[in-house]
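First up is the structure itself, then whatever we jot down about it.
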Amino acid sequence: MRPRQSVLLVICLFAGTFFTAGRAVAHAILLESTPAANSSVVGPDIPIKLRFNVRIDATRSRITLVRPDASVQTLVISKSTSADILATQAQGLTPGEYRIRWQALASDGHITRGEIPFQAARP
Amino acid sequence: MARLLQVFGFLSVLFRGATLTFQSLTIGGIVFLNFVVRSSNLQSETVNHACLRWIRRAAIALALMQVAYILASALILMQSADITIGDVSGANFVLAGVLAIVSALTIAALAGAQSPKIYAAMLLPAALILLSSVMTSHAMARLEYRFPLAIVTAFHQGATAVWIGGLLYLLIAIPRSPDNSFARQMIARFSKLALISVAVLAAAGFTLGFAYVGSLHAVYGTSYGIMVATKTVLFGILLLLGALNFQIAGSPSGGSLIACLKRFGEAEIGIGISVILTAASLTSLPPAVDLITDRVSAQEIAARTAPHVPRLASPPLRDLPEDIYAAQVKSFDAGPLSSASFVPGQAGTRPNTPAEKSWSEYNHHWAGIVVLAIGLLSFLAQARHFPWARNWPLIFLGLAAFLFLRSDPETWPLGPNGFWVTLQDPEVLLHRIFVVLVIALAIFEWRVQTGRVATERARLIFPALVVVASALLLTHSHSLGNIKEEVLAELSHAPIAVLGIVAGWSRWLELRLPSQNKMRDRLAWLWPACLVLIGLLLLNYREM
């Protein structure tokens with residue numbers, strides 16, 4: 001490699017290290033959820049709806065329910081009329097502490113995840 | 001897989017940044033070849049072949065980066081969402097990536113043929129690369145104005161590639177020109193192309209800024225807004241360099257003028273790629289317009305940035321949490337977090353304790369004293385009446401030792417976490433990289449300043465490392481457990497990074513410009529001034 005070429009390469013490589021650490025802040029933001037975080041709902045069957053700030057690839061996104069006994073159930077995401085919503089239903093809830101774990105693939109290819117703790121109360 | 005999961009957020013920005021960089025170099029080269037070299041009245045086989053060689057290299061690098069990005073994202077998706085490779089293959093990012101890989105490999109094959117007939121044929125795959133990039137941009141995930149924003153994004157990225165990517169090829173072509181007349185003709189044609197690109201870039205950037213930031217409050221109140229503002233400042237510096245180049249290009253013919261243009265061009269490419277990579281880190285942030293809550297107010301910024309007495313006494317080590325990582329994981333498992341969503345592998349965060357904040361402020365303030373001393377001594381060294389001041393780079397060794405011991409008290413050698421834990425936390429990893437950079441910087445620059453090394457390459461190491469360190473700072477993530485605190489930390493670090501970039505490139509130009517260029521004398525004072533300002537900013541850094 002000629003000296004002047006190596007200087008150019010050095011410029012590109014040094015500039016390239018600019019991105020060697022990424023922010024850990026996620027891309028998709030959960031704007032609204034049903035049930036809301038830390039809320040109390042009445043079972044046994046409840047609708048779950050998550051609304052994001054961006055379009056979501058529902059086919060490649062996941063919603064799971066962590067039950068009071070720590071068992072995990074994957075919920076089937078229903079076809080939604082809106083591109084920014086993931087919707088499903090949890091059934092057979094008994095009183096106790098639950099968590100909804102979600103993972104969303106945004107249309108721009110970013111994967112994000114989060115948790116929504118809530119409580120199921122007696123009817 | 002567990003290790004990949006832990007560094008996934010880090011990797012996704014890395015691959016995105018590399019993809020955007022190599023995309024710009026590939027597209028910029030093809031446009032340069034077609035609209036600058038090919039359209040010239042004169043032809044040079046040497047120039048054509050050199051351009052084709054670099055286009056090929058950039059295209060292959062782009063294809064490799066895309067393969068790495070698709071593999072990492074697909075593996076994470078398959079593992080975390082428990083879906084098959086068949087399901088993943090239909091995802092938008094996979095389709096976009098495959099399109100880019102096929103297009104890049106097509107360009108590499110065409111460029112390998114080195115025939116003038118293929119120059120125009122490369123424009124189509126270049127356009128497809130741009131399309132694939134837009135497919136994974138913010139625009140494609142927006143709920144409103146999706147396609148208008150996608151078109152504006154294409155213009156924004158395309159203009160960047162033509163200007164910054166094309167400039168690299170101009171610098172490659174100039175020394176290979178058969179004569180000055182040929183070089184000047186190329187420079188004149190590229191100047192026109194660059195002017196149009198800058199206009200398109202600015203107009204598209206303004207439109208995207210309006211759509212994604214939306215208000216003045218979002219500019220200073222969110223991480224996204226601060227990054228956009230930083231990008232805009234760097235763009236302003238680029239425009240200044242571009243204007244200098246444009247002025248030189250219009251001057252009467254002369255070898256030294258072309259030499260000046262090449263040197264300014266080097267700085268322009270370096271800063272330009274830095275801007276491209278800032279844009280890559282922006283893609284990992286939610287647009288400011290979507291962050292309605294947790295914005296920082298002007299009053300909060302004024303309160304945080306008001307001058308104060310530096311903290312020169314450290315809190316005792318025992319006041320810090322014994323294991324910060326364990327505390328973070330525990331916090332994540334325990335419940336509500338500071339922000340609603342995370343990239344896979346990211347642990348939860350918790351608010352820093354007062355002792356941790358004091359520890360950090362103490363570190364920043366002592367670092368500020370060191371940098372201020374370096375700035376003042378380098379001023380004295382420039383005055384040439386104080387030869388002892390030329391030993392100023394040795395102060396960096398003290399800074400390296402200080403950073404190594406103090407920056408991450410929870411890790412080796414002070415804390416319970418082993419050395420390899422550093423690889424799991426981007427923030428700690430960054431601090432370790434900084435330490436290595438600072439030691440290298442001290443040794444090389446001391447040898448240069450005291451006349452022990454006279455080669456040009458060795459002299460360039462200091463400015464290059466200053467630019468790298470400053471660039472890293474712009475992607476510095478602060479896990480402060482609070483969105484507002486992270487924004488306030490970024491508000492203080494962004495100007496330091498910009499000053500560092502200016503310091504690095506002004507020193508670079510001082511060394512590289514021809515001796516008859518009068519700007520060298522001004523640049524010789526500019527970089528010490530930047531170091532002094534960085535020292536003062538560090539001295540005023542606060543976390544509470």
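Ligands are numbered from 1 in the order shown, chains are lettered A, B, ... in the order of the structure tokens, and residues start at 1 in each chain.
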
### Neighbour list for range 394-411 of chain B as a PyMOL selection string, cut-off 7 Å, only C-alpha atoms, skip fewer than 5 positions in-chain
chain B and resi 322-324+363+367+370+374+416-419+428+431+435+438-439+442+446

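The residue set within 12 Å of Leu239 in chain B, counting only C-alpha atoms and dropping same-chain residues fewer than 6 places from it, reads Trp163, Ile164, Ala194, Leu195, Ser197, Val198, Ala199, Leu201, Ala202, Thr232, Val233, Asn245, Phe246, Gln247, Phe264, Gly265, Ala267, Glu268, Ile269, Ile271 and Gly272 of chain B.
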
### Query
From the list A:Ala106, A:Leu93, A:Leu65, A:Val76, which residue is nearest chain B when using only C-alpha atoms?
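Result for the nearest residue to chain B: A:Ala106.
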
Could you pull the residues within 7 Å of range 527-530 of chain B, counting only C-alpha atoms, minus those fewer than 5 positions along the same chain, as a PDB file with N, CA and C atoms, in the first residue's frame?
ATOM      1  N   GLY B 375      -3.413  21.712  28.168  1.00  0.00           N
ATOM      2  CA  GLY B 375      -3.739  22.807  27.246  1.00  0.00           C
ATOM      3  C   GLY B 375      -2.839  24.012  27.471  1.00  0.00           C
ATOM      4  N   SER B 378       0.785  23.245  26.451  1.00  0.00           N
ATOM      5  CA  SER B 378       0.963  23.200  24.989  1.00  0.00           C
ATOM      6  C   SER B 378       0.921  24.611  24.407  1.00  0.00           C
ATOM      7  N   PHE B 379       0.181  25.511  25.062  1.00  0.00           N
ATOM      8  CA  PHE B 379       0.219  26.935  24.674  1.00  0.00           C
ATOM      9  C   PHE B 379       1.642  27.472  24.837  1.00  0.00           C
ATOM     10  N   LEU B 499     -15.260  19.753  20.614  1.00  0.00           N
ATOM     11  CA  LEU B 499     -13.987  20.467  20.797  1.00  0.00           C
ATOM     12  C   LEU B 499     -12.805  19.531  20.535  1.00  0.00           C
ATOM     13  N   GLY B 500     -12.945  18.278  20.961  1.00  0.00           N
ATOM     14  CA  GLY B 500     -11.880  17.301  20.727  1.00  0.00           C
ATOM     15  C   GLY B 500     -11.675  17.045  19.239  1.00  0.00           C
ATOM     16  N   ALA B 503      -9.937  20.014  17.899  1.00  0.00           N
ATOM     17  CA  ALA B 503      -8.533  20.014  18.330  1.00  0.00           C
ATOM     18  C   ALA B 503      -7.720  19.029  17.486  1.00  0.00           C
ATOM     19  N   SER B 506      -7.411  20.192  13.803  1.00  0.00           N
ATOM     20  CA  SER B 506      -6.607  21.410  13.626  1.00  0.00           C
ATOM     21  C   SER B 506      -5.117  21.069  13.785  1.00  0.00           C
ATOM     22  N   ARG B 507      -4.799  20.168  14.733  1.00  0.00           N
ATOM     23  CA  ARG B 507      -3.401  19.719  14.860  1.00  0.00           C
ATOM     24  C   ARG B 507      -2.982  18.947  13.601  1.00  0.00           C
TER      25      ARG B 507
END

### Query
Which residues, written as a VMD selection string, have at least one atom at most 9 Å from range 125-139 of chain B, with only C-alpha atoms counted and residues fewer than 5 positions away on the same chain left out?
(chain A and resid 54 107 to 110) or (chain B and resid 19 to 20 23 26 to 27 30 to 31 92 to 93 95 to 104 106 to 107 145 to 154 157 to 158 212 283 286 to 287)

### Task
Do a neighbour search on Glu300 in chain B at 12 Å with only C-alpha atoms, toss out local chain neighbours closer than 6 positions, and write the hits as a VMD selection string.
chain B and resid 220 to 221 294 306 484 to 485 487 to 488 491 543 to 544

### Query
For the atom pair CA of Phe210 in chain B and CA of Val228 in chain B, what is the interatomic distance in Å to one decimal place?
10.8 Å

### Query
If you count only C-alpha atoms, which residues fall within 10 Å of Asp319 in chain B, apart from same-chain ones fewer than 2 positions away, as a list of chain:residue names?
B:Pro315, B:Pro316, B:Leu317, B:Pro321, B:Glu322, B:Thr353, B:Pro354, B:Ala355, B:Glu356, B:Trp359

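Nearest to Ile29 in chain A of all the residues B:Leu11, B:Ala243, B:Ile292, B:Leu123 is B:Ile292, based on only C-alpha atoms.
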
### Task
Could you give me the residues within range 66-119 of chain A that DSSP places in strand (DSSP E or B), as an MDAnalysis selection string?
chainID A and resid 66 72:75 78 85:90 96:106 111:119

Output N, CA and C atoms for every residue in that selection, as an mmCIF file, in the first residue's frame.
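This went into part_2.cif:
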data_model
loop_
_atom_site.group_PDB
_atom_site.id
_atom_site.type_symbol
_atom_site.label_atom_id
_atom_site.label_comp_id
_atom_site.auth_asym_id
_atom_site.auth_seq_id
_atom_site.Cartn_x
_atom_site.Cartn_y
_atom_site.Cartn_z
ATOM 1 N N VAL A 66 -45.861 -14.258 32.444
ATOM 2 C CA VAL A 66 -45.199 -14.936 33.568
ATOM 3 C C VAL A 66 -46.209 -14.996 34.702
ATOM 4 N N VAL A 72 -44.068 -19.772 32.478
ATOM 5 C CA VAL A 72 -44.131 -18.816 31.366
ATOM 6 C C VAL A 72 -45.003 -19.385 30.251
ATOM 7 N N GLN A 73 -45.941 -18.568 29.780
ATOM 8 C CA GLN A 73 -46.839 -19.009 28.712
ATOM 9 C C GLN A 73 -46.726 -18.038 27.535
ATOM 10 N N THR A 74 -46.450 -18.582 26.339
ATOM 11 C CA THR A 74 -46.395 -17.728 25.153
ATOM 12 C C THR A 74 -47.822 -17.485 24.659
ATOM 13 N N LEU A 75 -48.188 -16.229 24.477
ATOM 14 C CA LEU A 75 -49.543 -15.886 24.044
ATOM 15 C C LEU A 75 -49.572 -15.682 22.530
ATOM 16 N N SER A 78 -52.866 -11.737 18.111
ATOM 17 C CA SER A 78 -53.943 -11.720 17.117
ATOM 18 C C SER A 78 -53.663 -10.681 16.043
ATOM 19 N N ILE A 85 -49.824 -1.792 16.983
ATOM 20 C CA ILE A 85 -50.421 -2.468 18.147
ATOM 21 C C ILE A 85 -50.163 -3.971 18.115
ATOM 22 N N LEU A 86 -49.789 -4.502 19.273
ATOM 23 C CA LEU A 86 -49.735 -5.948 19.471
ATOM 24 C C LEU A 86 -50.865 -6.294 20.430
ATOM 25 N N ALA A 87 -51.739 -7.218 20.018
ATOM 26 C CA ALA A 87 -52.891 -7.560 20.862
ATOM 27 C C ALA A 87 -52.979 -9.068 21.044
ATOM 28 N N THR A 88 -53.415 -9.467 22.235
ATOM 29 C CA THR A 88 -53.602 -10.882 22.537
ATOM 30 C C THR A 88 -54.563 -10.999 23.719
ATOM 31 N N GLN A 89 -54.719 -12.198 24.218
ATOM 32 C CA GLN A 89 -55.600 -12.386 25.358
ATOM 33 C C GLN A 89 -54.979 -13.389 26.322
ATOM 34 N N ALA A 90 -55.065 -13.080 27.614
ATOM 35 C CA ALA A 90 -54.597 -14.022 28.640
ATOM 36 C C ALA A 90 -55.816 -14.650 29.301
ATOM 37 N N GLY A 96 -53.136 -12.921 41.834
ATOM 38 C CA GLY A 96 -51.681 -12.975 42.053
ATOM 39 C C GLY A 96 -50.938 -11.961 41.204
ATOM 40 N N GLU A 97 -49.603 -12.022 41.321
ATOM 41 C CA GLU A 97 -48.724 -11.088 40.596
ATOM 42 C C GLU A 97 -48.336 -11.690 39.239
ATOM 43 N N TYR A 98 -48.548 -10.938 38.185
ATOM 44 C CA TYR A 98 -48.218 -11.399 36.826
ATOM 45 C C TYR A 98 -47.264 -10.412 36.157
ATOM 46 N N ARG A 99 -46.664 -10.891 35.098
ATOM 47 C CA ARG A 99 -45.844 -10.007 34.262
ATOM 48 C C ARG A 99 -46.081 -10.322 32.800
ATOM 49 N N ILE A 100 -46.236 -9.271 32.014
ATOM 50 C CA ILE A 100 -46.281 -9.453 30.560
ATOM 51 C C ILE A 100 -44.879 -9.140 30.053
ATOM 52 N N ARG A 101 -44.279 -10.098 29.370
ATOM 53 C CA ARG A 101 -42.976 -9.843 28.746
ATOM 54 C C ARG A 101 -43.200 -9.710 27.249
ATOM 55 N N TRP A 102 -42.751 -8.598 26.701
ATOM 56 C CA TRP A 102 -42.933 -8.405 25.264
ATOM 57 C C TRP A 102 -41.600 -8.213 24.562
ATOM 58 N N GLN A 103 -41.556 -8.661 23.332
ATOM 59 C CA GLN A 103 -40.407 -8.375 22.468
ATOM 60 C C GLN A 103 -40.958 -7.973 21.113
ATOM 61 N N ALA A 104 -40.580 -6.800 20.661
ATOM 62 C CA ALA A 104 -41.132 -6.283 19.401
ATOM 63 C C ALA A 104 -40.037 -6.102 18.364
ATOM 64 N N LEU A 105 -40.343 -6.527 17.142
ATOM 65 C CA LEU A 105 -39.453 -6.232 16.009
ATOM 66 C C LEU A 105 -40.080 -5.074 15.250
ATOM 67 N N ALA A 106 -39.410 -3.921 15.283
ATOM 68 C CA ALA A 106 -39.943 -2.758 14.559
ATOM 69 C C ALA A 106 -39.721 -2.955 13.061
ATOM 70 N N ILE A 111 -34.867 -4.588 17.370
ATOM 71 C CA ILE A 111 -35.554 -5.472 18.321
ATOM 72 C C ILE A 111 -35.510 -4.813 19.698
ATOM 73 N N THR A 112 -36.646 -4.724 20.337
ATOM 74 C CA THR A 112 -36.678 -4.185 21.701
ATOM 75 C C THR A 112 -37.591 -5.052 22.557
ATOM 76 N N ARG A 113 -37.425 -4.940 23.856
ATOM 77 C CA ARG A 113 -38.233 -5.757 24.770
ATOM 78 C C ARG A 113 -38.492 -5.016 26.078
ATOM 79 N N GLY A 114 -39.450 -5.519 26.811
ATOM 80 C CA GLY A 114 -39.758 -4.890 28.085
ATOM 81 C C GLY A 114 -40.708 -5.753 28.896
ATOM 82 N N GLU A 115 -41.050 -5.272 30.065
ATOM 83 C CA GLU A 115 -41.941 -6.025 30.963
ATOM 84 C C GLU A 115 -43.007 -5.118 31.543
ATOM 85 N N ILE A 116 -44.179 -5.685 31.760
ATOM 86 C CA ILE A 116 -45.265 -4.928 32.396
ATOM 87 C C ILE A 116 -45.785 -5.755 33.574
ATOM 88 N N PRO A 117 -45.467 -5.341 34.785
ATOM 89 C CA PRO A 117 -45.993 -6.069 35.940
ATOM 90 C C PRO A 117 -47.439 -5.637 36.231
ATOM 91 N N PHE A 118 -48.296 -6.566 36.584
ATOM 92 C CA PHE A 118 -49.663 -6.213 36.974
ATOM 93 C C PHE A 118 -50.189 -7.266 37.950
ATOM 94 N N GLN A 119 -51.330 -6.957 38.494
ATOM 95 C CA GLN A 119 -51.892 -7.835 39.516
ATOM 96 C C GLN A 119 -53.283 -8.280 39.082
#

### Message
Based on the backbone DSSP call, show me all residues of range 81-311 of chain B assigned alpha helix (DSSP H), as a PyMOL selection string.
### Response
chain B and resi 81+85-89+92-113+123-135+138-141+146-160+166-173+180-212+216-221+223-249+255-282+298-305

### Message
I'd like the interatomic distance between CA of Pro95 in chain A and CA of Asp45 in chain A, to a tenth of an Å.
### Response
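Separation between CA of Pro95 in chain A and CA of Asp45 in chain A: 11.6 Å.
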
### Message
Could you check the closest approach to Arg60 in chain A for each of B:Thr160, B:Thr84, B:Ala109, B:Leu509 and tell me which residue wins, using only C-alpha atoms?
### Response
B:Thr84
